[in-house]
Amino acid sequence: MINRVRLVLRRYLCKPILVKIPQINDINLNIASRSAKKLSEKLRPHELRSTHCVVYVNKWKYILNVVPKYNMEDKTDMSIPLPDGVRGMTSLDKSGFDQVISVPAVLVDTKALPVVLKCLKQYQLKISKIRPVVELDKHDLKFSSHKLVLLNKSLVQDWDSFQVSDQELLKAQGVTSDSFQHYDVKVGYDNLTFSDVMKMILPDDCEGVSGFEEVGHIAHFNLRDKTLPYKNIIGEVLLDKTKKLKTVVNKLNTIDSTFRTFQMELMAGQENYVTQTKENGCTFELDYSKVYWNSRLGTEHERIVKGIESTEVVFDVFAGIGPFAIPAAKKGATVFANDLNPHSYEALVNNSKLNKCKNNINCFNLDGREFVKTIIKCELTKLFIKTHTIGDTERNFKVTIIMNLPALAYTFLDAFRSLLEEDAVSVSAGSMPLVHCYCFTDIESAVKDCDGDTVLEVKRRTRGVIGGLNDDDITVRLVRNVAPQKDMVCVSFRLTPDILLNRQDQIDGSLRSENGEPAQKIARLETSTSL
């Protein structure tokens with residue numbers, strides 16, 4: 001939690017800048033924090049990794065000796081200026097991006113080219129489909145003996161732009177300040193990435209659209225109102241730049257809390273929403289317009305499945321098309337998967353066949369509460385009777401219950417209270433079922449009742465619905481941030497004999513707050529704009 005607060009504070013109070021490594025010791029004031037390491041492989045531009053480092057500075061203070069040529073928040077290739085007439089373009093005209101730019105270059109002897117290229121690697125011009133080494137004009141006297149190495153003009157303006165050590169290496173290969181030239185390069189639409197085109201055509205007050213979700217051949221955007229007039233050209237450019245995509249859609253409304261689906265509009269491409277996607281070694285086939293799928297949860301799916309053993313019994317109450325259930329069944333676990341959406345149920349059955357694990361999975365199309373009261377009750381009763389018969393006091397079975405419906409899942413937890421009949425089974429505090437219930441944090445309730453502690457608020461909300469637990473029995477883990485001041489979390493706990501059996505006194509005691517008054521039992525229903 002402390003590290004998370006630090007990251008949030010850094011985001012709002014500080015900004016990243018690039019500083020030349022020899023100069024960093026000269027910047028003693030106004031630095032919030034600094035990185036002692038080289039630039040991450042994920043950061044751009046790659047050319048600066050060996051010569052610069054990242055420094056976080058206070059936004060309201062002034063720093064000397066920084067590199068003003070490159071803004072860490074702007075990933076546009078500064079070698080390509082903005083063409084006239086493309087800003088605000090709503091209908092794609094590829095010829096509008098054509099232009100000729102002058103870039104610096106150095107004349108290099110062909111024999112010295114391998115060594116010089118290695119030295120100039122960080123300074124070379126990097127534009128798609130343009131080679132950084134070009135031949136001279138055929139009429140030039142040095143045509144057969146020399147080549148031109150093109151450089152990034154945002155990094156190199158003159159000889160002094162090179163580091164001293166690089167200057168010495170270049171001089172040893174016959175490259176001096178007299179070797180500098182300028183070369184005209186023709187660039188156009190084909191030399192630009194999708195992100196480059198978007199930054200050129202969208203007005204400054206429009207947020208970037210580089211972030212989108214890919215599901216098979218479908219790209220899914222969630223465009224802001226200011227960006228909607230450009231939706232068609234956004235879709236057209238994306239299809240043109242990403243050949244594997246065939247369909248681009250935009251989300252129109254919030255996600256329905258019942259079936260977790262949303263209305264969408266076609267931005268470009270084919271109106272074909274049946275697709276296949278792969279995750280965690282499994283193939284999933286789905287109709288994206290009728291079922292719920294979120295590629296951003298792939299890591300969470302993997303984390304849960306990794307903790308499931310092949311001998312385990314898994315109940316997936318809101319299974320969707322099977323991102324938890326299918327890989328668990330493929331792993332060898334016995335899975336009971338359920339979803340209320342009939343289209344999700346059909347995809348779940350089909351995916352079990354597609355991944356050759358249908359013998360390990362039982363699929364149901366029921367309401368979540370009905371699934372708990374019937375299927376889970378029946379199977380747990382069988383498990384407890386079986387272990388009681390063989391006299392295994394250690395309970396040689398493991399059970400995991402997954403409830404991934406963040407907006408509503410916690411409201412179903414009371415279905416586990418008095419789920420089993422005490423006369424029919426023998427239940428001890430041995431290896432009790434482990435529950436993973438997903439929900440959203442509620443910052444308003446946390447501020448009002450828990451001094452802003454969202455983890456404590458989630459724990460109290462869970463206890464208020466199911467009872468029979470203490471705060472220490474519940475763990476809350478962050479899954480991802482879905483909106484400002486709103487996180488998706490995984491609430492994990494083990495069911496207890498007091499919960500499963502009709503032991504009302506113990507449950508009622510746990511439902512009382514610190515002052516002895518009954519805790520709030522009615523959970524507030526909420527919908528999400530982004531699951």
# chains A, B, ... in the order shown; residues from 1 in each chain; ligands from 1
>>> residues_around(residues="range 90-98 of chain A", least_positions_apart="2", cutoff="10 Å", atoms="only C-alpha atoms", output="PyMOL selection string")
chain A and resi 82-88+100-101+186-192+197+200-202+229-234+236-237
>>> residues_around(residues="Pro433 in chain A", least_positions_apart="2", cutoff="6 Å", atoms="only C-alpha atoms", output="mmCIF file with C-alpha atoms, in the first residue's frame")
data_model
loop_
_atom_site.group_PDB
_atom_site.id
_atom_site.type_symbol
_atom_site.label_atom_id
_atom_site.label_comp_id
_atom_site.auth_asym_id
_atom_site.auth_seq_id
_atom_site.Cartn_x
_atom_site.Cartn_y
_atom_site.Cartn_z
ATOM 1 C CA VAL A 399 -11.917 -27.063 -3.011
ATOM 2 C CA THR A 400 -11.636 -23.649 -4.678
ATOM 3 C CA ARG A 494 -11.926 -19.932 3.654
ATOM 4 C CA LEU A 495 -15.450 -20.963 4.494
#
>>> residues_around(residues="Glu300 in chain A", least_positions_apart="6", cutoff="12 Å", atoms="only C-alpha atoms", output="list in words")
Glu279, Asn280, Asn294, Lys306, Gly307, Pro323, Phe324, Ile402, Asn404, His436, Tyr438, Arg477, Leu478, Val479, Arg480, Met488, Val489 and Cys490 of chain A
>>> write_last_selection(atoms="C-alpha atoms", output="PDB file, in the first residue's frame")
ATOM      1  CA  GLU A 279      -4.713 -17.209 -23.184  1.00  0.00           C
ATOM      2  CA  ASN A 280      -2.657 -19.316 -20.790  1.00  0.00           C
ATOM      3  CA  ASN A 294     -11.378  -8.964 -20.856  1.00  0.00           C
ATOM      4  CA  LYS A 306      -1.395 -21.826 -11.028  1.00  0.00           C
ATOM      5  CA  GLY A 307      -2.584 -22.290  -7.450  1.00  0.00           C
ATOM      6  CA  PRO A 323     -10.935 -18.235 -18.589  1.00  0.00           C
ATOM      7  CA  PHE A 324     -10.590 -19.836 -15.130  1.00  0.00           C
ATOM      8  CA  ILE A 402     -14.232 -18.602  -7.841  1.00  0.00           C
ATOM      9  CA  ASN A 404     -15.673 -13.290 -10.756  1.00  0.00           C
ATOM     10  CA  HIS A 436     -11.875 -16.024  -4.361  1.00  0.00           C
ATOM     11  CA  TYR A 438     -13.869 -10.303  -6.915  1.00  0.00           C
ATOM     12  CA  ARG A 477      -5.342  -8.208  -3.131  1.00  0.00           C
ATOM     13  CA  LEU A 478      -5.277  -5.553  -5.828  1.00  0.00           C
ATOM     14  CA  VAL A 479      -6.006  -6.914  -9.320  1.00  0.00           C
ATOM     15  CA  ARG A 480      -6.028  -3.712 -11.370  1.00  0.00           C
ATOM     16  CA  MET A 488     -10.785  -4.268  -8.828  1.00  0.00           C
ATOM     17  CA  VAL A 489      -9.684  -6.493  -5.941  1.00  0.00           C
ATOM     18  CA  CYS A 490      -9.690 -10.193  -5.120  1.00  0.00           C
TER      19      CYS A 490
END
>>> atom_distance(atom1="CA of Lys226 in chain A", atom2="CA of Phe194 in chain A")
18.8 Å
>>> select_by_dssp(residues="range 65-295 of chain A", states="alpha helix (DSSP H)", output="PyMOL selection string")
chain A and resi 113-119+164-172+194-201+231-241
>>> residues_around(residues="Thr110 in chain A", least_positions_apart="6", cutoff="8 Å", atoms="only C-alpha atoms", output="list in words")
Ser145, His146 and Lys147 of chain A
>>> select_by_dssp(residues="range 175-416 of chain A", states="strand (DSSP E or B)", output="PyMOL selection string")
chain A and resi 180-187+213-215+218-221+247-251+264-269+274-279+282-287+313-316+334-338+361-364+399-403
>>> closest_atom_pairs(of="range 201-291 of chain A", to="range 356-374 of chain A", cutoff="12 Å", atoms="only C-alpha atoms", output="tab-separated table")
residue	atom	partner	partner_atom	distance
A:Thr258	CA	A:Asp367	CA	9.9
A:Phe259	CA	A:Asp367	CA	10.8
A:Cys282	CA	A:Lys356	CA	9.9
A:Thr283	CA	A:Lys356	CA	10.4
A:Phe284	CA	A:Lys356	CA	12.0
>>> atom_distance(atom1="CA of Val175 in chain A", atom2="CA of Trp159 in chain A")
10.1 Å
>>> atom_distance(atom1="CA of Arg224 in chain A", atom2="CA of Val291 in chain A")
23.2 Å
>>> closest_residue(among="A:Ala325, A:Thr496, A:Pro114, A:Gly332", to="Val349 in chain A", atoms="only C-alpha atoms")
A:Ala325
